[in-house]
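Written below as structure tokens is the structure these notes are about.
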Amino acid sequence: MDVVTRWKSSLDMIERYLEQQQAIAAALLSSEVRRNAREIDNLDAADIADAEDIVKLLTPLKKATTVLCDESRPTISLIMPLKHMIQVSMAPCDVDSNTVSQMKAAILNDLADRYQGEQAEFLYESGALDPRFRALPHLNNSERDEIFNRLKLKVTQMQNQNPSEEEGAAPGSHEHVAGHSKTDLPQKAHAVGGVSPPSKKTALEDLLGDSFSQGDSRTQHTAQIDAEIDLYRKETSISLMACPLEWWKANAQCYPLLSTLAKSYLSVPATSVPKSL
């Protein structure tokens, strides 16, 4: 039953043995088995106790694997909360047997070097943008603030690369201008014999207009991003069974800037391994 590429096959094998140990013991005591076997190896009481402890130890890892392989909502934001859960469950305890202590140390050592640097930053940012995990309870206040400051910077960069259509629209392209509807303007222009030329820029506007108008726009965007992040952080976390992408879709009007960034993060799957494996 043991398969190297499926670590939980070892756990399933031990669980099955513990479940059927009475039947196995009875089978090993049969005269037919004893007559055909020169030596029968069986687990003693200490081995059984170790097996029971191993099952308790590895069950959280099996559940984490099942969650990550879920095909309906396996978002990448799950990774860091699950990693923290595993690290907490592997904390040393005075009542641990020697076998359990060694296994815990090996698991913690394996996890220690996983998800470092930029990779860890991306995973923490994904967790912050997931309305289920936005509180980030496994981090301290300064670490949370640092993550949301990075998200603020990324939203700003995204806005600079993709300015809104409204900003790029030419003056007079709105539905109503100077008290006249959009359909009225061509008629009035025709009445005076042609389209009125655009007003000329003053010398001051020509020299400094671009710099200071962009500055005002950036200030407005910064204020909007700050307001969205502050409001988002005050929201109540949604159910763990809810879909974070559906939540962002429903709340996109409240968070027009943040929702676009969240979708780019939460569309990344946590694993490429399907649940059936």
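FYI, nothing fancy with the structure tokens labels: chains A, B, ... in order, residues from 1 per chain, ligands from 1 as they appear.
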Task: Surrounding residues of stretch 45-47 of chain A excluding itself and chain neighbours under 2 positions, 12 Å, only C-alpha atoms, as a PyMOL selection string - done: chain A and resi 14+17-18+21+41-43+49-54+97-99
Same residues, N, CA and C atoms, saved as a PDB file, in the first residue's frame:
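See again04.pdb below for the written result:
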```pdb
ATOM      1  N   ILE A  14      -1.218   2.501   8.258  1.00  0.00           N
ATOM      2  CA  ILE A  14      -1.162   2.360   9.720  1.00  0.00           C
ATOM      3  C   ILE A  14      -2.567   2.410  10.311  1.00  0.00           C
ATOM      4  N   TYR A  17      -4.257  -0.860   9.795  1.00  0.00           N
ATOM      5  CA  TYR A  17      -3.749  -1.914  10.679  1.00  0.00           C
ATOM      6  C   TYR A  17      -4.370  -1.776  12.076  1.00  0.00           C
ATOM      7  N   LEU A  18      -4.386  -0.537  12.610  1.00  0.00           N
ATOM      8  CA  LEU A  18      -4.955  -0.326  13.947  1.00  0.00           C
ATOM      9  C   LEU A  18      -6.438  -0.704  13.981  1.00  0.00           C
ATOM     10  N   GLN A  21      -6.450  -4.712  13.800  1.00  0.00           N
ATOM     11  CA  GLN A  21      -5.403  -5.463  14.500  1.00  0.00           C
ATOM     12  C   GLN A  21      -5.923  -6.720  15.196  1.00  0.00           C
ATOM     13  N   ASP A  41       6.533 -12.128  12.561  1.00  0.00           N
ATOM     14  CA  ASP A  41       6.811 -10.833  13.198  1.00  0.00           C
ATOM     15  C   ASP A  41       5.491 -10.124  13.475  1.00  0.00           C
ATOM     16  N   ASN A  42       5.353  -9.633  14.674  1.00  0.00           N
ATOM     17  CA  ASN A  42       4.137  -8.918  15.048  1.00  0.00           C
ATOM     18  C   ASN A  42       4.529  -7.679  15.852  1.00  0.00           C
ATOM     19  N   LEU A  43       3.634  -6.717  15.946  1.00  0.00           N
ATOM     20  CA  LEU A  43       3.896  -5.501  16.717  1.00  0.00           C
ATOM     21  C   LEU A  43       3.594  -5.752  18.187  1.00  0.00           C
ATOM     22  N   ALA A  49       1.447   1.531  20.486  1.00  0.00           N
ATOM     23  CA  ALA A  49       1.340   2.882  21.045  1.00  0.00           C
ATOM     24  C   ALA A  49       1.967   3.908  20.103  1.00  0.00           C
ATOM     25  N   ASP A  50       3.116   3.572  19.512  1.00  0.00           N
ATOM     26  CA  ASP A  50       3.763   4.469  18.555  1.00  0.00           C
ATOM     27  C   ASP A  50       2.876   4.685  17.326  1.00  0.00           C
ATOM     28  N   ALA A  51       2.270   3.601  16.858  1.00  0.00           N
ATOM     29  CA  ALA A  51       1.401   3.708  15.680  1.00  0.00           C
ATOM     30  C   ALA A  51       0.215   4.627  15.963  1.00  0.00           C
ATOM     31  N   GLU A  52      -0.366   4.497  17.144  1.00  0.00           N
ATOM     32  CA  GLU A  52      -1.492   5.371  17.504  1.00  0.00           C
ATOM     33  C   GLU A  52      -1.057   6.829  17.602  1.00  0.00           C
ATOM     34  N   ASP A  53       0.138   7.075  18.155  1.00  0.00           N
ATOM     35  CA  ASP A  53       0.645   8.446  18.242  1.00  0.00           C
ATOM     36  C   ASP A  53       0.949   9.023  16.857  1.00  0.00           C
ATOM     37  N   ILE A  54       1.465   8.197  15.972  1.00  0.00           N
ATOM     38  CA  ILE A  54       1.783   8.647  14.612  1.00  0.00           C
ATOM     39  C   ILE A  54       0.516   9.047  13.869  1.00  0.00           C
ATOM     40  N   SER A  97       6.479  10.814  22.759  1.00  0.00           N
ATOM     41  CA  SER A  97       7.409   9.686  22.761  1.00  0.00           C
ATOM     42  C   SER A  97       8.630  10.045  21.925  1.00  0.00           C
ATOM     43  N   ASN A  98       9.653   9.232  22.007  1.00  0.00           N
ATOM     44  CA  ASN A  98      10.860   9.493  21.238  1.00  0.00           C
ATOM     45  C   ASN A  98      10.574   9.494  19.736  1.00  0.00           C
ATOM     46  N   THR A  99       9.731   8.571  19.300  1.00  0.00           N
ATOM     47  CA  THR A  99       9.368   8.496  17.876  1.00  0.00           C
ATOM     48  C   THR A  99       8.656   9.763  17.415  1.00  0.00           C
TER      49      THR A  99
END
```
- [ ] Just the residues within 6 Å of stretch 250-266 of chain A, please, counting only C-alpha atoms, with nothing from its chain fewer than 4 positions along; format it as a ChimeraX atom specification.
- [x] /A:75,126,129,228
- [ ] Would you list the contacts of A:Gln87 as JSON, numbers by chain, taking every protein, DNA or RNA residue within 12 Å and counting only C-alpha atoms, but skipping same-chain residues closer than 2 positions in sequence?
- [x] {"A": [57, 60, 61, 80, 81, 82, 83, 84, 85, 89, 90, 91, 92, 104, 105, 106, 107, 108, 109, 110, 111, 112, 138]}
Write the residues you've just listed into a file as a PDB file, in the first residue's frame, and include N, CA, C and O atoms for each of them.
```pdb
ATOM      1  N   LEU A  57      -0.545  12.369  15.074  1.00  0.00           N
ATOM      2  CA  LEU A  57       0.394  13.404  14.632  1.00  0.00           C
ATOM      3  C   LEU A  57       0.173  13.782  13.168  1.00  0.00           C
ATOM      4  O   LEU A  57       0.204  14.969  12.804  1.00  0.00           O
ATOM      5  N   PRO A  60      -3.555  15.936  11.006  1.00  0.00           N
ATOM      6  CA  PRO A  60      -3.683  17.322  10.512  1.00  0.00           C
ATOM      7  C   PRO A  60      -3.033  17.531   9.151  1.00  0.00           C
ATOM      8  O   PRO A  60      -3.548  18.298   8.328  1.00  0.00           O
ATOM      9  N   LEU A  61      -1.918  16.840   8.882  1.00  0.00           N
ATOM     10  CA  LEU A  61      -1.265  16.959   7.579  1.00  0.00           C
ATOM     11  C   LEU A  61      -2.131  16.352   6.477  1.00  0.00           C
ATOM     12  O   LEU A  61      -2.203  16.871   5.359  1.00  0.00           O
ATOM     13  N   MET A  80      -0.310  29.718   3.525  1.00  0.00           N
ATOM     14  CA  MET A  80       0.303  30.214   4.752  1.00  0.00           C
ATOM     15  C   MET A  80      -0.515  29.897   6.013  1.00  0.00           C
ATOM     16  O   MET A  80       0.055  29.499   7.029  1.00  0.00           O
ATOM     17  N   PRO A  81      -1.837  30.046   6.009  1.00  0.00           N
ATOM     18  CA  PRO A  81      -2.595  29.620   7.193  1.00  0.00           C
ATOM     19  C   PRO A  81      -2.421  28.146   7.517  1.00  0.00           C
ATOM     20  O   PRO A  81      -2.301  27.762   8.688  1.00  0.00           O
ATOM     21  N   LEU A  82      -2.375  27.298   6.484  1.00  0.00           N
ATOM     22  CA  LEU A  82      -2.184  25.868   6.722  1.00  0.00           C
ATOM     23  C   LEU A  82      -0.768  25.570   7.205  1.00  0.00           C
ATOM     24  O   LEU A  82      -0.570  24.713   8.076  1.00  0.00           O
ATOM     25  N   LYS A  83       0.213  26.272   6.667  1.00  0.00           N
ATOM     26  CA  LYS A  83       1.582  26.080   7.132  1.00  0.00           C
ATOM     27  C   LYS A  83       1.698  26.435   8.616  1.00  0.00           C
ATOM     28  O   LYS A  83       2.324  25.709   9.405  1.00  0.00           O
ATOM     29  N   HIS A  84       1.078  27.538   9.000  1.00  0.00           N
ATOM     30  CA  HIS A  84       1.111  27.943  10.413  1.00  0.00           C
ATOM     31  C   HIS A  84       0.412  26.910  11.289  1.00  0.00           C
ATOM     32  O   HIS A  84       0.904  26.569  12.379  1.00  0.00           O
ATOM     33  N   MET A  85      -0.726  26.372  10.817  1.00  0.00           N
ATOM     34  CA  MET A  85      -1.441  25.350  11.576  1.00  0.00           C
ATOM     35  C   MET A  85      -0.569  24.123  11.791  1.00  0.00           C
ATOM     36  O   MET A  85      -0.523  23.555  12.899  1.00  0.00           O
ATOM     37  N   SER A  89       0.827  22.585  15.367  1.00  0.00           N
ATOM     38  CA  SER A  89       0.522  21.207  15.766  1.00  0.00           C
ATOM     39  C   SER A  89       1.782  20.370  15.959  1.00  0.00           C
ATOM     40  O   SER A  89       1.740  19.335  16.634  1.00  0.00           O
ATOM     41  N   MET A  90       2.918  20.805  15.383  1.00  0.00           N
ATOM     42  CA  MET A  90       4.173  20.071  15.517  1.00  0.00           C
ATOM     43  C   MET A  90       5.063  20.611  16.643  1.00  0.00           C
ATOM     44  O   MET A  90       6.222  20.211  16.762  1.00  0.00           O
ATOM     45  N   ALA A  91       4.522  21.502  17.448  1.00  0.00           N
ATOM     46  CA  ALA A  91       5.310  22.037  18.561  1.00  0.00           C
ATOM     47  C   ALA A  91       5.645  20.919  19.548  1.00  0.00           C
ATOM     48  O   ALA A  91       4.802  20.064  19.847  1.00  0.00           O
ATOM     49  N   PRO A  92       6.887  20.881  20.066  1.00  0.00           N
ATOM     50  CA  PRO A  92       7.285  19.825  21.016  1.00  0.00           C
ATOM     51  C   PRO A  92       6.425  19.829  22.270  1.00  0.00           C
ATOM     52  O   PRO A  92       5.971  20.878  22.734  1.00  0.00           O
ATOM     53  N   LYS A 104       8.287  15.075  14.663  1.00  0.00           N
ATOM     54  CA  LYS A 104       7.972  16.504  14.727  1.00  0.00           C
ATOM     55  C   LYS A 104       9.172  17.350  14.304  1.00  0.00           C
ATOM     56  O   LYS A 104       9.035  18.322  13.528  1.00  0.00           O
ATOM     57  N   ALA A 105      10.341  16.994  14.801  1.00  0.00           N
ATOM     58  CA  ALA A 105      11.553  17.737  14.455  1.00  0.00           C
ATOM     59  C   ALA A 105      11.830  17.666  12.961  1.00  0.00           C
ATOM     60  O   ALA A 105      12.211  18.658  12.325  1.00  0.00           O
ATOM     61  N   ALA A 106      11.626  16.485  12.361  1.00  0.00           N
ATOM     62  CA  ALA A 106      11.867  16.319  10.925  1.00  0.00           C
ATOM     63  C   ALA A 106      10.881  17.145  10.099  1.00  0.00           C
ATOM     64  O   ALA A 106      11.257  17.774   9.101  1.00  0.00           O
ATOM     65  N   ILE A 107       9.615  17.182  10.520  1.00  0.00           N
ATOM     66  CA  ILE A 107       8.598  17.944   9.787  1.00  0.00           C
ATOM     67  C   ILE A 107       8.865  19.440   9.887  1.00  0.00           C
ATOM     68  O   ILE A 107       8.800  20.176   8.888  1.00  0.00           O
ATOM     69  N   LEU A 108       9.178  19.926  11.097  1.00  0.00           N
ATOM     70  CA  LEU A 108       9.473  21.350  11.277  1.00  0.00           C
ATOM     71  C   LEU A 108      10.717  21.761  10.504  1.00  0.00           C
ATOM     72  O   LEU A 108      10.772  22.860   9.930  1.00  0.00           O
ATOM     73  N   ASN A 109      11.697  20.899  10.485  1.00  0.00           N
ATOM     74  CA  ASN A 109      12.920  21.188   9.746  1.00  0.00           C
ATOM     75  C   ASN A 109      12.652  21.272   8.238  1.00  0.00           C
ATOM     76  O   ASN A 109      13.216  22.116   7.539  1.00  0.00           O
ATOM     77  N   ASP A 110      11.770  20.418   7.759  1.00  0.00           N
ATOM     78  CA  ASP A 110      11.420  20.432   6.334  1.00  0.00           C
ATOM     79  C   ASP A 110      10.653  21.700   5.963  1.00  0.00           C
ATOM     80  O   ASP A 110      10.835  22.259   4.882  1.00  0.00           O
ATOM     81  N   LEU A 111       9.777  22.155   6.871  1.00  0.00           N
ATOM     82  CA  LEU A 111       8.966  23.340   6.596  1.00  0.00           C
ATOM     83  C   LEU A 111       9.751  24.641   6.736  1.00  0.00           C
ATOM     84  O   LEU A 111       9.368  25.662   6.150  1.00  0.00           O
ATOM     85  N   ALA A 112      10.825  24.618   7.505  1.00  0.00           N
ATOM     86  CA  ALA A 112      11.549  25.853   7.843  1.00  0.00           C
ATOM     87  C   ALA A 112      12.036  26.594   6.606  1.00  0.00           C
ATOM     88  O   ALA A 112      11.992  27.834   6.559  1.00  0.00           O
ATOM     89  N   HIS A 138      -2.008  34.938  12.713  1.00  0.00           N
ATOM     90  CA  HIS A 138      -0.725  34.305  13.008  1.00  0.00           C
ATOM     91  C   HIS A 138       0.445  35.285  12.878  1.00  0.00           C
ATOM     92  O   HIS A 138       1.595  34.880  13.066  1.00  0.00           O
TER      93      HIS A 138
END
```
Task: Counting only C-alpha atoms, the residue of A:Arg6, A:His221, A:Arg16, A:Arg233 that sits nearest A:Leu153 - done: A:His221
Open item on the list: Neighbouring residues of A:Gly127 were defined as those with any atom within 8 Å, considering only C-alpha atoms; residues of the same chain fewer than 4 positions away were excluded. Please report them as number ranges by chain.
Closed with: A: 76-78, 80-81, 123, 133-134, 136
Keeping only N, CA and C atoms, write those residues as a short mmCIF file (atom, residue, chain, number, x, y, z; two decimals), in the first residue's frame.
```
data_model
loop_
_atom_site.label_atom_id
_atom_site.label_comp_id
_atom_site.auth_asym_id
_atom_site.auth_seq_id
_atom_site.Cartn_x
_atom_site.Cartn_y
_atom_site.Cartn_z
N ILE A 76 -4.54 30.05 -3.61
CA ILE A 76 -3.19 30.06 -3.06
C ILE A 76 -3.14 30.69 -1.67
N SER A 77 -4.17 31.43 -1.31
CA SER A 77 -4.22 32.07 0.01
C SER A 77 -4.30 31.06 1.15
N LEU A 78 -4.58 29.80 0.84
CA LEU A 78 -4.67 28.76 1.88
C LEU A 78 -3.31 28.36 2.43
N MET A 80 -0.31 29.72 3.52
CA MET A 80 0.30 30.21 4.75
C MET A 80 -0.51 29.90 6.01
N PRO A 81 -1.84 30.05 6.01
CA PRO A 81 -2.60 29.62 7.19
C PRO A 81 -2.42 28.15 7.52
N LEU A 123 2.63 35.02 -0.83
CA LEU A 123 1.66 34.16 -0.15
C LEU A 123 0.96 34.90 0.98
N PHE A 133 -9.25 35.19 5.55
CA PHE A 133 -8.01 35.21 6.34
C PHE A 133 -7.44 36.61 6.53
N ARG A 134 -8.21 37.65 6.17
CA ARG A 134 -7.65 39.01 6.14
C ARG A 134 -7.13 39.47 7.50
N LEU A 136 -5.24 37.87 9.48
CA LEU A 136 -3.85 37.38 9.62
C LEU A 136 -3.48 37.19 11.10
#
```
Task: Atomic separation - atom CA of A:Thr66 relative to atom CA of A:Gln119, Å - done: 22.5 Å
TODO: Step one, run DSSP on the backbone; step two, keep only residues of stretch 39-104 of chain A assigned to helix (DSSP H, G or I); then write them as a ChimeraX atom specification.
DONE: /A:45-68,76-89,98-104
- [ ] Just give me the gap between atom CA of A:Ser237 and atom CA of A:Asp130 in Å, one decimal is fine.
- [x]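 If I compute the distance from atom CA of A:Ser237 to atom CA of A:Asp130, I get 8.9 Å.
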